[in-house]
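Data from entry.csv: CSV, C-alpha atoms and all ligand atoms
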```
chain,number,residue,atom,x,y,z
U,69,MET,CA,82.3,98.5,77.4
U,70,LYS,CA,85.4,96.4,76.7
U,71,ILE,CA,88.6,98.5,77.4
U,72,LEU,CA,92.1,97.6,76.4
U,73,VAL,CA,94.3,99.2,79.1
U,74,THR,CA,98.1,99.5,78.3
U,75,GLY,CA,100.4,99.6,81.3
U,76,GLY,CA,97.8,98.1,83.6
U,77,ALA,CA,100.4,96.5,85.8
U,78,GLY,CA,101.8,99.9,86.7
U,79,PHE,CA,100.8,102.3,89.4
U,80,ILE,CA,98.0,104.3,87.7
U,81,GLY,CA,97.1,101.7,85.1
U,82,SER,CA,96.3,99.2,87.8
U,83,ALA,CA,94.1,101.7,89.6
U,84,VAL,CA,92.2,102.1,86.3
U,85,VAL,CA,92.0,98.3,85.8
U,86,ARG,CA,90.6,97.8,89.3
U,87,GLN,CA,88.1,100.6,89.0
U,88,ALA,CA,87.0,99.7,85.5
U,89,VAL,CA,86.3,96.1,86.5
U,90,GLY,CA,84.5,97.4,89.6
U,91,GLN,CA,82.2,99.5,87.4
U,92,GLY,CA,81.4,96.4,85.3
U,93,HIS,CA,83.6,97.0,82.3
U,94,SER,CA,85.5,94.2,80.6
U,95,VAL,CA,89.2,94.9,80.8
U,96,VAL,CA,92.2,93.6,78.9
U,97,ASN,CA,95.4,94.5,80.7
U,98,LEU,CA,98.3,94.7,78.2
U,99,ASP,CA,101.7,95.1,79.8
U,100,ALA,CA,105.3,94.3,79.0
U,101,LEU,CA,106.1,93.8,82.7
U,102,THR,CA,109.1,96.1,82.9
U,103,TYR,CA,110.9,96.8,86.2
U,104,ALA,CA,108.0,99.1,87.1
U,105,ALA,CA,105.3,96.5,86.8
U,106,CYS,CA,103.7,94.5,89.5
U,107,LEU,CA,100.9,92.0,88.8
U,108,ALA,CA,100.1,92.0,92.6
U,109,ASN,CA,98.6,95.5,91.8
U,110,VAL,CA,95.7,93.7,90.0
U,111,ALA,CA,95.5,90.6,92.2
U,112,SER,CA,92.0,91.7,93.5
U,113,VAL,CA,90.5,91.4,90.0
U,114,ALA,CA,92.8,88.7,88.5
U,115,ASP,CA,90.1,86.0,88.8
U,116,ASP,CA,87.2,88.1,87.7
U,117,PRO,CA,85.6,86.9,84.5
U,118,LEU,CA,85.7,90.6,83.3
U,119,TYR,CA,89.5,90.6,83.4
U,120,ALA,CA,92.1,89.3,81.0
U,121,PHE,CA,95.9,89.8,80.8
U,122,GLU,CA,98.2,90.0,77.8
U,123,HIS,CA,102.0,90.1,78.2
U,124,ALA,CA,103.1,92.2,75.3
U,125,ASP,CA,105.2,95.2,74.3
U,126,ILE,CA,103.5,98.2,72.6
U,127,CYS,CA,106.4,98.4,70.2
U,128,ASP,CA,105.5,95.0,68.8
U,129,ARG,CA,103.1,95.7,65.9
U,130,ALA,CA,102.2,92.1,65.2
U,131,ALA,CA,101.4,91.5,68.9
U,132,MET,CA,99.2,94.7,68.9
U,133,ASP,CA,97.3,93.6,65.8
U,134,HIS,CA,96.8,90.1,67.2
U,135,ILE,CA,95.5,91.4,70.6
U,136,LEU,CA,93.1,93.9,69.1
U,137,ALA,CA,91.7,91.3,66.6
U,138,GLN,CA,91.4,88.7,69.4
U,139,HIS,CA,89.7,90.9,72.1
U,140,ARG,CA,87.9,93.5,69.9
U,141,PRO,CA,87.9,96.3,72.4
U,142,ASP,CA,85.5,99.4,72.3
U,143,ALA,CA,88.2,101.6,73.6
U,144,ILE,CA,92.0,101.8,74.3
U,145,MET,CA,93.3,103.6,77.4
U,146,HIS,CA,97.0,104.1,76.8
U,147,LEU,CA,99.1,104.4,79.9
U,148,ALA,CA,102.1,102.2,79.1
U,149,ALA,CA,105.2,104.3,79.4
U,150,GLU,CA,108.6,104.8,80.9
U,151,SER,CA,107.6,107.2,83.7
U,152,HIS,CA,110.5,108.1,86.0
U,153,VAL,CA,112.2,111.4,85.2
U,154,ASP,CA,115.5,110.5,87.0
U,155,ARG,CA,115.8,107.3,84.8
U,156,SER,CA,115.1,109.4,81.7
U,157,ILE,CA,118.2,111.5,82.5
U,158,ASP,CA,120.4,108.4,82.9
U,159,GLY,CA,119.0,106.5,79.9
U,160,PRO,CA,116.7,108.4,77.6
U,161,GLY,CA,116.7,105.7,74.9
U,162,ALA,CA,114.1,103.6,76.6
U,163,PHE,CA,111.8,106.6,76.9
U,164,ILE,CA,112.1,107.4,73.2
U,165,GLN,CA,111.4,103.8,72.3
U,166,THR,CA,108.4,103.1,74.5
U,167,ASN,CA,106.8,106.6,74.8
U,168,ILE,CA,107.3,107.7,71.2
U,169,THR,CA,107.9,104.6,69.0
U,170,GLY,CA,105.5,102.5,71.2
U,171,THR,CA,102.7,105.1,71.0
U,172,TYR,CA,103.2,105.4,67.2
U,173,THR,CA,103.0,101.6,66.9
U,174,LEU,CA,99.9,101.4,69.0
U,175,LEU,CA,98.3,104.2,67.1
U,176,GLU,CA,98.9,102.5,63.8
U,177,ALA,CA,97.5,99.2,65.1
U,178,ALA,CA,94.5,101.0,66.5
U,179,ARG,CA,93.9,102.8,63.2
U,180,SER,CA,93.9,99.6,61.2
U,181,TYR,CA,91.7,97.9,63.7
U,182,TRP,CA,89.3,100.8,63.7
U,183,GLU,CA,89.2,101.1,59.9
U,184,ALA,CA,88.6,97.4,59.5
U,185,GLN,CA,85.6,97.7,61.8
U,186,GLY,CA,84.1,100.5,59.5
U,187,LYS,CA,85.4,103.4,61.6
U,188,PRO,CA,82.9,103.4,64.4
U,189,GLU,CA,82.5,106.9,65.8
U,190,GLU,CA,82.0,105.6,69.3
U,191,PHE,CA,85.5,104.0,69.4
U,192,ARG,CA,88.0,105.9,71.6
U,193,PHE,CA,91.8,106.0,71.8
U,194,HIS,CA,92.4,107.7,75.2
U,195,HIS,CA,96.0,108.9,75.6
U,196,ILE,CA,97.1,109.4,79.2
U,197,SER,CA,99.8,112.1,79.5
U,198,THR,CA,101.3,114.4,82.0
U,199,ASP,CA,101.3,118.1,83.0
U,200,GLU,CA,105.1,118.0,82.6
U,201,VAL,CA,104.7,118.6,78.8
U,202,TYR,CA,103.9,122.3,79.7
U,203,GLY,CA,107.3,122.9,81.3
U,204,SER,CA,107.8,124.8,84.6
U,205,LEU,CA,105.8,127.6,86.2
U,206,GLY,CA,107.0,130.5,88.4
U,207,ALA,CA,105.3,131.4,91.6
U,208,GLU,CA,102.1,132.3,89.9
U,209,GLY,CA,99.7,130.9,87.3
U,210,GLN,CA,98.3,127.4,86.3
U,211,PHE,CA,98.5,125.2,83.2
U,212,THR,CA,95.4,125.3,81.0
U,213,GLU,CA,94.7,123.1,78.0
U,214,GLU,CA,95.9,126.0,75.9
U,215,THR,CA,99.3,126.4,77.6
U,216,PRO,CA,102.1,126.0,75.0
U,217,TYR,CA,104.2,122.8,75.2
U,218,ASP,CA,107.7,123.4,76.7
U,219,PRO,CA,109.0,120.0,77.9
U,220,ARG,CA,112.4,120.1,79.7
U,221,SER,CA,113.4,116.5,80.5
U,222,PRO,CA,113.8,113.5,78.3
U,223,TYR,CA,110.7,112.0,80.0
U,224,SER,CA,108.4,115.1,79.4
U,225,ALA,CA,109.8,115.6,75.8
U,226,SER,CA,108.9,112.0,75.0
U,227,LYS,CA,105.4,112.4,76.4
U,228,ALA,CA,105.0,115.7,74.5
U,229,ALA,CA,106.0,113.9,71.3
U,230,SER,CA,103.4,111.2,72.0
U,231,ASP,CA,100.7,113.8,72.6
U,232,HIS,CA,101.5,115.4,69.2
U,233,LEU,CA,101.3,112.0,67.5
U,234,VAL,CA,97.9,111.2,69.0
U,235,ARG,CA,96.5,114.6,67.8
U,236,ALA,CA,98.1,114.1,64.4
U,237,TRP,CA,96.4,110.7,64.1
U,238,ALA,CA,93.0,112.3,65.0
U,239,GLU,CA,93.5,115.2,62.5
U,240,THR,CA,95.0,113.2,59.6
U,241,TYR,CA,93.1,109.8,59.9
U,242,GLY,CA,90.1,110.8,61.9
U,243,LEU,CA,90.9,108.4,64.7
U,244,PRO,CA,88.5,109.2,67.6
U,245,VAL,CA,90.8,110.3,70.4
U,246,VAL,CA,90.6,112.0,73.8
U,247,LEU,CA,93.7,113.1,75.8
U,248,THR,CA,94.3,113.9,79.4
U,249,ASN,CA,97.3,115.6,81.1
U,250,CYS,CA,97.6,115.0,84.8
U,251,SER,CA,99.5,116.3,87.7
U,252,ASN,CA,101.6,114.1,90.1
U,253,ASN,CA,99.8,111.1,91.4
U,254,TYR,CA,100.3,109.4,94.8
U,255,GLY,CA,98.6,106.6,96.7
U,256,PRO,CA,98.6,102.8,97.2
U,257,TYR,CA,100.8,100.6,94.9
U,258,HIS,CA,103.2,103.6,94.1
U,259,PHE,CA,106.5,102.1,93.0
U,260,PRO,CA,109.1,102.6,95.7
U,261,GLU,CA,111.4,104.8,93.6
U,262,LYS,CA,109.1,107.8,93.5
U,263,LEU,CA,109.2,110.6,96.1
U,264,ILE,CA,106.3,109.7,98.4
U,265,PRO,CA,107.0,105.9,98.8
U,266,VAL,CA,110.7,106.7,99.2
U,267,VAL,CA,110.0,109.1,102.1
U,268,ILE,CA,107.6,106.6,103.8
U,269,LEU,CA,110.0,103.6,103.4
U,270,ASN,CA,113.2,105.4,104.3
U,271,ALA,CA,111.6,106.9,107.4
U,272,LEU,CA,110.3,103.5,108.4
U,273,HIS,CA,113.8,102.0,108.1
U,274,GLY,CA,115.5,104.9,109.9
U,275,LYS,CA,117.3,105.9,106.7
U,276,LEU,CA,118.1,109.5,105.5
U,277,ILE,CA,115.2,111.0,103.6
U,278,PRO,CA,116.7,112.7,100.5
U,279,VAL,CA,115.1,116.0,99.4
U,280,TYR,CA,116.3,117.5,96.1
U,281,GLY,CA,117.8,121.1,96.2
U,282,LYS,CA,116.1,123.2,98.8
U,283,GLY,CA,112.8,121.3,98.7
U,284,GLU,CA,111.1,124.3,97.2
U,285,ASN,CA,109.7,122.6,94.1
U,286,VAL,CA,105.9,122.6,94.1
U,287,ARG,CA,103.7,119.8,92.7
U,288,ASP,CA,99.9,119.6,92.5
U,289,TRP,CA,99.2,116.2,94.1
U,290,LEU,CA,96.4,114.0,93.0
U,291,TYR,CA,95.3,110.8,94.7
U,292,VAL,CA,95.6,107.9,92.3
U,293,GLU,CA,92.0,106.6,92.8
U,294,ASP,CA,90.7,110.1,92.0
U,295,HIS,CA,92.8,110.1,88.8
U,296,ALA,CA,91.4,106.7,87.7
U,297,ASP,CA,87.9,108.0,88.3
U,298,ALA,CA,88.7,111.1,86.2
U,299,LEU,CA,90.1,108.9,83.4
U,300,LEU,CA,87.0,106.7,83.3
U,301,THR,CA,84.9,109.9,83.3
U,302,VAL,CA,86.7,111.4,80.3
U,303,LEU,CA,86.7,108.0,78.5
U,304,THR,CA,82.9,107.6,78.8
U,305,ARG,CA,81.7,111.3,78.7
U,306,GLY,CA,84.6,113.4,77.4
U,307,GLN,CA,84.1,115.3,74.2
U,308,LEU,CA,85.6,113.7,71.1
U,309,GLY,CA,89.0,115.1,70.2
U,310,ARG,CA,89.3,117.1,73.4
U,311,SER,CA,92.1,117.4,75.9
U,312,TYR,CA,91.4,117.6,79.7
U,313,ASN,CA,93.8,118.7,82.4
U,314,ILE,CA,93.4,116.7,85.6
U,315,GLY,CA,94.7,118.1,88.9
U,316,GLY,CA,94.3,117.6,92.6
U,317,GLU,CA,93.9,121.3,93.6
U,318,ASN,CA,96.5,120.3,96.2
U,319,GLU,CA,99.7,122.3,95.7
U,320,ALA,CA,102.6,121.6,98.1
U,321,ARG,CA,106.3,122.3,98.3
U,322,ASN,CA,108.3,119.1,98.5
U,323,ILE,CA,109.7,120.0,101.9
U,324,ASP,CA,106.2,120.5,103.3
U,325,LEU,CA,104.9,117.3,101.7
U,326,VAL,CA,107.8,115.3,103.3
U,327,THR,CA,107.2,117.0,106.6
U,328,MET,CA,103.5,116.0,106.5
U,329,ILE,CA,104.5,112.4,105.9
U,330,CYS,CA,107.0,112.4,108.8
U,331,ASP,CA,104.3,113.8,111.1
U,332,LEU,CA,101.9,111.0,110.1
U,333,LEU,CA,104.6,108.4,110.8
U,334,ASP,CA,105.3,110.1,114.2
U,335,GLN,CA,101.6,109.5,115.0
U,336,HIS,CA,101.4,105.9,113.7
U,337,ARG,CA,105.0,104.5,114.2
U,338,PRO,CA,106.6,106.8,116.8
U,339,ASP,CA,110.4,106.5,117.0
U,340,ALA,CA,112.8,107.9,119.6
U,341,ALA,CA,113.4,111.0,117.5
U,342,PRO,CA,110.9,112.7,115.1
U,343,HIS,CA,111.1,111.2,111.6
U,344,ALA,CA,111.7,114.7,110.2
U,345,ASP,CA,115.2,114.6,111.7
U,346,LEU,CA,116.1,112.1,108.9
U,347,ILE,CA,115.5,114.8,106.2
U,348,THR,CA,118.7,115.6,104.3
U,349,TYR,CA,119.1,118.0,101.3
U,350,VAL,CA,120.8,116.5,98.3
U,351,ALA,CA,122.1,117.9,95.0
U,352,ASP,CA,119.2,118.9,92.8
U,353,ARG,CA,118.0,117.0,89.7
U,354,PRO,CA,119.3,118.8,86.6
U,355,GLY,CA,116.6,120.9,84.9
U,356,HIS,CA,114.3,120.3,87.9
U,357,ASP,CA,111.0,122.1,87.1
U,358,LEU,CA,110.2,124.5,89.9
U,359,ARG,CA,106.4,124.4,89.9
U,360,TYR,CA,103.5,122.6,88.3
U,361,ALA,CA,99.9,123.6,88.9
U,362,ILE,CA,96.8,122.5,87.0
U,363,ASP,CA,93.7,124.6,86.1
U,364,PRO,CA,91.0,122.0,86.2
U,365,THR,CA,88.2,124.3,85.1
U,366,ARG,CA,87.4,122.3,81.9
U,367,ILE,CA,87.0,118.9,83.5
U,368,ARG,CA,85.0,120.4,86.4
U,369,GLN,CA,82.6,122.4,84.3
U,370,GLU,CA,82.1,120.1,81.4
U,371,LEU,CA,82.1,116.7,83.2
U,372,GLY,CA,81.4,117.7,86.8
U,373,TRP,CA,84.6,115.9,88.0
U,374,ARG,CA,86.6,117.0,91.0
U,375,PRO,CA,88.9,115.2,93.4
U,376,SER,CA,87.3,113.4,96.3
U,377,VAL,CA,90.1,113.8,98.9
U,378,THR,CA,92.4,116.6,100.1
U,379,LEU,CA,96.2,116.0,100.3
U,380,GLU,CA,95.9,115.5,104.0
U,381,GLN,CA,93.3,112.8,103.6
U,382,GLY,CA,95.0,111.1,100.7
U,383,LEU,CA,98.4,111.1,102.5
U,384,ALA,CA,96.8,109.6,105.6
U,385,LYS,CA,95.3,106.8,103.5
U,386,THR,CA,98.6,106.3,101.7
U,387,VAL,CA,100.8,106.1,104.8
U,388,ALA,CA,98.2,103.6,106.4
U,389,TRP,CA,98.3,101.5,103.2
U,390,TYR,CA,102.2,101.2,103.2
U,391,LEU,CA,102.2,100.4,106.9
U,392,GLU,CA,99.6,97.6,106.3
U,393,ASN,CA,101.2,96.2,103.1
U,394,PRO,CA,104.9,95.4,103.6
U,395,ASP,CA,104.4,92.2,101.6
U,396,TRP,CA,103.7,94.3,98.6
U,397,TRP,CA,106.7,96.7,98.8
U,398,GLN,CA,109.4,94.6,100.4
U,399,PRO,CA,110.2,92.5,97.3
U,400,LEU,CA,110.2,95.6,95.1
U,401,LEU,CA,113.1,97.1,97.1
U,402,ASP,CA,115.5,94.6,95.4
U,403,ARG,CA,114.6,95.6,91.9
U,404,ASP,CA,117.3,97.2,89.7
U,405,GLY,CA,118.0,100.9,90.6
U,406,VAL,CA,115.5,101.1,93.5
U,407,GLY,CA,117.1,102.9,96.4
U,408,ALA,CA,120.0,104.3,94.3
U,409,ARG,CA,120.4,108.0,93.6
U,410,LEU,CA,119.5,108.2,89.9
U,411,GLY,CA,119.4,111.2,87.4
U,412,LYS,CA,122.4,113.3,88.6
U,413,ALA,CA,123.6,113.5,85.0
U,501,LIG,N1,102.9,108.9,88.0
U,501,LIG,C1,102.4,110.1,87.8
U,501,LIG,O1,102.4,110.9,88.7
U,501,LIG,C2,101.9,110.5,86.4
U,501,LIG,C3,101.3,111.8,86.3
U,501,LIG,C4,100.7,112.1,85.0
U,501,LIG,C5,100.7,111.2,84.0
U,501,LIG,N2,101.3,110.0,84.1
U,501,LIG,C6,101.3,109.0,83.0
U,501,LIG,O2,100.5,108.0,83.4
U,501,LIG,C7,100.9,106.7,82.8
U,501,LIG,C8,101.1,105.7,83.8
U,501,LIG,O3,102.1,106.2,84.8
U,501,LIG,P1,102.5,105.3,86.0
U,501,LIG,O4,103.1,106.2,87.1
U,501,LIG,O5,101.4,104.3,86.4
U,501,LIG,O6,103.7,104.5,85.4
U,501,LIG,P2,104.4,103.1,85.9
U,501,LIG,O7,105.9,103.3,85.5
U,501,LIG,O8,104.1,102.8,87.3
U,501,LIG,O9,103.8,102.0,85.0
U,501,LIG,C9,104.0,101.9,83.6
U,501,LIG,C10,103.6,100.5,83.1
U,501,LIG,O10,103.8,100.5,81.7
U,501,LIG,C11,104.4,99.2,81.4
U,501,LIG,N3,105.2,99.4,80.2
U,501,LIG,C12,106.3,100.1,80.1
U,501,LIG,N4,106.8,100.0,78.8
U,501,LIG,C13,106.0,99.2,78.1
U,501,LIG,C14,105.9,98.7,76.8
U,501,LIG,N5,106.9,99.0,75.9
U,501,LIG,N6,104.9,98.0,76.4
U,501,LIG,C15,103.9,97.6,77.3
U,501,LIG,N7,103.9,98.0,78.6
U,501,LIG,C16,104.9,98.8,79.0
U,501,LIG,C17,105.2,98.9,82.6
U,501,LIG,O11,105.5,97.5,82.7
U,501,LIG,C18,104.4,99.4,83.8
U,501,LIG,O12,103.5,98.4,84.2
U,501,LIG,C19,102.2,107.1,82.0
U,501,LIG,O13,101.9,107.3,80.7
U,501,LIG,C20,102.6,108.4,82.6
U,501,LIG,O14,103.3,109.2,81.7
U,501,LIG,C21,101.9,109.6,85.3
```

What is this file in structure tokens?
Amino acid sequence: MKILVTGGAGFIGSAVVRQAVGQGHSVVNLDALTYAACLANVASVADDPLYAFEHADICDRAAMDHILAQHRPDAIMHLAAESHVDRSIDGPGAFIQTNITGTYTLLEAARSYWEAQGKPEEFRFHHISTDEVYGSLGAEGQFTEETPYDPRSPYSASKAASDHLVRAWAETYGLPVVLTNCSNNYGPYHFPEKLIPVVILNALHGKLIPVYGKGENVRDWLYVEDHADALLTVLTRGQLGRSYNIGGENEARNIDLVTMICDLLDQHRPDAAPHADLITYVADRPGHDLRYAIDPTRIRQELGWRPSVTLEQGLAKTVAWYLENPDWWQPLLDRDGVGARLGKA
């Protein structure tokens, strides 16, 4: 299959690109190379004859038309997005532009391309979204595919809007779509402004480790390679028009997660004092959702997918990867906004 992956120089998109090429698919990686992109993420496949790169913005309709006509993909996996909640609080405009207008532009380009080809039923537009569209849970319960949307940040609202657009294009124009809503990812190549890499890198540098509020927010952590595997499973075997929630079945409070990482660093890079001594509580993010948890019954029962690693195993692999790859993360620390406290509103 030939797959056009948008956002393939980002964290999750690059895992999809690497895995798809590894499975023998042809991949066109389309990316605008924003601050969050890193072409080193796909260096392992860059010279593979199955791989091609297109530097383009999904808001540019002419470029989308040209790339689709030139490469003639069988499917589009749409991951390009502004993805950092704290940045969405400080500057929501970029999120509206890329996540909503960009998705609309890509949908229209995909629709014309698909119609010009005679509307092949096997074509797929796979929209990759987040569990944050469902809002916040209390201590009990899990998000199912039927949970009503209740986004609470500019990021999650823009992703919810994009999900609605994709469903509307399926209902109104018959575009063959599948959607996935996933919990928090972690793993190698995670950009160093997100929680887990911030903890690892601050601890390594002996810097304070900021934990928002009381550290009681709960996330359902999914190892990025497991997410990429789930996405390729849904793309190739998911039911047309259906949504699938993808979760790691690995809930953890932020403070427990941070402590686990500190313990791993104590084992691999022992310091005079335990790394957990660096933990400091800072003012919470406004509108910080308390808890996300995914009910993964549908993807497990229909497609037989489940995560391959526990949080303990995935974190051990992730910490080991950051310790072995300073050449990857060191240059990213100088990028705009990295290391600053964003999203205080
Ligand atoms: N990170 C998570 O935990 C998580 C969880 C669930 C869903 N998601 C979704 O998965 C997708 C990928 O997330 P990520 O964490 O890899 O994001 P990321 O920020 O690491 O990467 C996003 C990529 O999209 C590219 N991009 C941004 N704007 C673009 C534009 N206008 N045109 C073309 N490319 C553009 C960037 O250059 C970057 O390479 C997003 O849609 C996100 O909403 C992420």

Shell around range 179-188 of chain U at 8 Å using all atoms listed in the file, local window under 3 positions removed, as a PDB file with C-alpha atoms, in the frame of the given file:
```
ATOM      1  CA  ASP U 133      97.300  93.600  65.800  1.00  0.00           C
ATOM      2  CA  LEU U 136      93.100  93.900  69.100  1.00  0.00           C
ATOM      3  CA  ALA U 137      91.700  91.300  66.600  1.00  0.00           C
ATOM      4  CA  LEU U 175      98.300 104.200  67.100  1.00  0.00           C
ATOM      5  CA  GLU U 176      98.900 102.500  63.800  1.00  0.00           C
ATOM      6  CA  PHE U 191      85.500 104.000  69.400  1.00  0.00           C
ATOM      7  CA  TYR U 241      93.100 109.800  59.900  1.00  0.00           C
ATOM      8  CA  LEU U 243      90.900 108.400  64.700  1.00  0.00           C
TER       9      LEU U 243
END
```

Please, what distance in Å, to one decimal, runs between CA of Phe121 in chain U and CA of Glu150 in chain U?
->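 Value for the CA of Phe121 in chain U-CA of Glu150 in chain U distance: 19.7 Å.
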
Within 8 Å of Lys412 in chain U using only C-alpha atoms, minus same-chain residues under 3 positions, as a short mmCIF file (atom, residue, chain, number, x, y, z; two decimals) with C-alpha atoms, in the coordinates of the input:
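What landed in result-v5.cif:
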```cif
data_model
loop_
_atom_site.label_atom_id
_atom_site.label_comp_id
_atom_site.auth_asym_id
_atom_site.auth_seq_id
_atom_site.Cartn_x
_atom_site.Cartn_y
_atom_site.Cartn_z
CA ASP U 154 115.50 110.50 87.00
CA ILE U 157 118.20 111.50 82.50
CA ASP U 158 120.40 108.40 82.90
CA ALA U 351 122.10 117.90 95.00
CA ASP U 352 119.20 118.90 92.80
CA ARG U 353 118.00 117.00 89.70
CA PRO U 354 119.30 118.80 86.60
CA ARG U 409 120.40 108.00 93.60
#
```

Please report, as JSON lines, each residue of chain U lying at most 7 Å from ligand LIG 501 (chain U), together with the nearest pair of atoms and the separation in Å rounded to one decimal; use only C-alpha atoms and all ligand atoms, and order rows by chain and ascending residue number.
```
{"residue": "U:Thr74", "atom": "CA", "partner": "U:LIG501", "partner_atom": "N7", "distance": 6.0}
{"residue": "U:Gly75", "atom": "CA", "partner": "U:LIG501", "partner_atom": "O10", "distance": 3.5}
{"residue": "U:Gly76", "atom": "CA", "partner": "U:LIG501", "partner_atom": "O12", "distance": 5.7}
{"residue": "U:Ala77", "atom": "CA", "partner": "U:LIG501", "partner_atom": "O12", "distance": 4.0}
{"residue": "U:Gly78", "atom": "CA", "partner": "U:LIG501", "partner_atom": "O9", "distance": 3.4}
{"residue": "U:Phe79", "atom": "CA", "partner": "U:LIG501", "partner_atom": "O5", "distance": 3.7}
{"residue": "U:Ile80", "atom": "CA", "partner": "U:LIG501", "partner_atom": "O5", "distance": 3.6}
{"residue": "U:Gly81", "atom": "CA", "partner": "U:LIG501", "partner_atom": "O5", "distance": 5.2}
{"residue": "U:Leu98", "atom": "CA", "partner": "U:LIG501", "partner_atom": "C15", "distance": 6.4}
{"residue": "U:Asp99", "atom": "CA", "partner": "U:LIG501", "partner_atom": "N7", "distance": 3.8}
{"residue": "U:Ala100", "atom": "CA", "partner": "U:LIG501", "partner_atom": "C15", "distance": 4.0}
{"residue": "U:Leu101", "atom": "CA", "partner": "U:LIG501", "partner_atom": "O11", "distance": 3.7}
{"residue": "U:Thr102", "atom": "CA", "partner": "U:LIG501", "partner_atom": "O11", "distance": 3.9}
{"residue": "U:Tyr103", "atom": "CA", "partner": "U:LIG501", "partner_atom": "O11", "distance": 6.5}
{"residue": "U:Ala104", "atom": "CA", "partner": "U:LIG501", "partner_atom": "C18", "distance": 4.9}
{"residue": "U:Ala105", "atom": "CA", "partner": "U:LIG501", "partner_atom": "O12", "distance": 3.7}
{"residue": "U:Cys106", "atom": "CA", "partner": "U:LIG501", "partner_atom": "O12", "distance": 6.6}
{"residue": "U:Ala124", "atom": "CA", "partner": "U:LIG501", "partner_atom": "C15", "distance": 5.8}
{"residue": "U:Asp125", "atom": "CA", "partner": "U:LIG501", "partner_atom": "N6", "distance": 3.5}
{"residue": "U:Ile126", "atom": "CA", "partner": "U:LIG501", "partner_atom": "N6", "distance": 4.1}
{"residue": "U:Cys127", "atom": "CA", "partner": "U:LIG501", "partner_atom": "N5", "distance": 5.8}
{"residue": "U:Leu147", "atom": "CA", "partner": "U:LIG501", "partner_atom": "O13", "distance": 4.1}
{"residue": "U:Ala148", "atom": "CA", "partner": "U:LIG501", "partner_atom": "O10", "distance": 3.5}
{"residue": "U:Ala149", "atom": "CA", "partner": "U:LIG501", "partner_atom": "C12", "distance": 4.4}
{"residue": "U:Glu150", "atom": "CA", "partner": "U:LIG501", "partner_atom": "C12", "distance": 5.3}
{"residue": "U:Ser151", "atom": "CA", "partner": "U:LIG501", "partner_atom": "O7", "distance": 4.6}
{"residue": "U:His152", "atom": "CA", "partner": "U:LIG501", "partner_atom": "O7", "distance": 6.7}
{"residue": "U:Thr166", "atom": "CA", "partner": "U:LIG501", "partner_atom": "N5", "distance": 4.6}
{"residue": "U:Gly170", "atom": "CA", "partner": "U:LIG501", "partner_atom": "N5", "distance": 6.0}
{"residue": "U:Ile196", "atom": "CA", "partner": "U:LIG501", "partner_atom": "O13", "distance": 5.4}
{"residue": "U:Ser197", "atom": "CA", "partner": "U:LIG501", "partner_atom": "C5", "distance": 4.7}
{"residue": "U:Thr198", "atom": "CA", "partner": "U:LIG501", "partner_atom": "C5", "distance": 3.8}
{"residue": "U:Asp199", "atom": "CA", "partner": "U:LIG501", "partner_atom": "C4", "distance": 6.4}
{"residue": "U:Lys227", "atom": "CA", "partner": "U:LIG501", "partner_atom": "O14", "distance": 6.5}
{"residue": "U:Asn249", "atom": "CA", "partner": "U:LIG501", "partner_atom": "C4", "distance": 6.2}
{"residue": "U:Cys250", "atom": "CA", "partner": "U:LIG501", "partner_atom": "C4", "distance": 4.2}
{"residue": "U:Ser251", "atom": "CA", "partner": "U:LIG501", "partner_atom": "C3", "distance": 5.0}
{"residue": "U:Asn252", "atom": "CA", "partner": "U:LIG501", "partner_atom": "O1", "distance": 3.6}
{"residue": "U:Asn253", "atom": "CA", "partner": "U:LIG501", "partner_atom": "O1", "distance": 3.8}
{"residue": "U:Tyr254", "atom": "CA", "partner": "U:LIG501", "partner_atom": "O1", "distance": 6.6}
{"residue": "U:His258", "atom": "CA", "partner": "U:LIG501", "partner_atom": "O8", "distance": 6.9}
{"residue": "U:Phe259", "atom": "CA", "partner": "U:LIG501", "partner_atom": "O8", "distance": 6.2}
```

Residue among U:Pro278, U:Gly206, U:Gly309, U:Gly411 lying closest to Val350 in chain U, counting all atoms listed in the file |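 Checking each candidate against Val350 in chain U, we get U:Pro278 as the closest.
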
Identify, on the basis of all atoms listed in the file, every residue whose closest approach to Thr327 in chain U does not exceed 10 Å; exclude the query and any residue fewer than 5 positions from it along the same chain; express the result as a JSON list (two decimals) with C-alpha atoms, in the coordinates of the input.
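Just written: result.json:
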```
[["chain", "number", "residue", "atom", "x", "y", "z"],
["U", 267, "VAL", "CA", 110.00, 109.10, 102.10],
["U", 321, "ARG", "CA", 106.30, 122.30, 98.30],
["U", 322, "ASN", "CA", 108.30, 119.10, 98.50],
["U", 332, "LEU", "CA", 101.90, 111.00, 110.10],
["U", 333, "LEU", "CA", 104.60, 108.40, 110.80],
["U", 343, "HIS", "CA", 111.10, 111.20, 111.60],
["U", 344, "ALA", "CA", 111.70, 114.70, 110.20],
["U", 345, "ASP", "CA", 115.20, 114.60, 111.70],
["U", 347, "ILE", "CA", 115.50, 114.80, 106.20]]
```
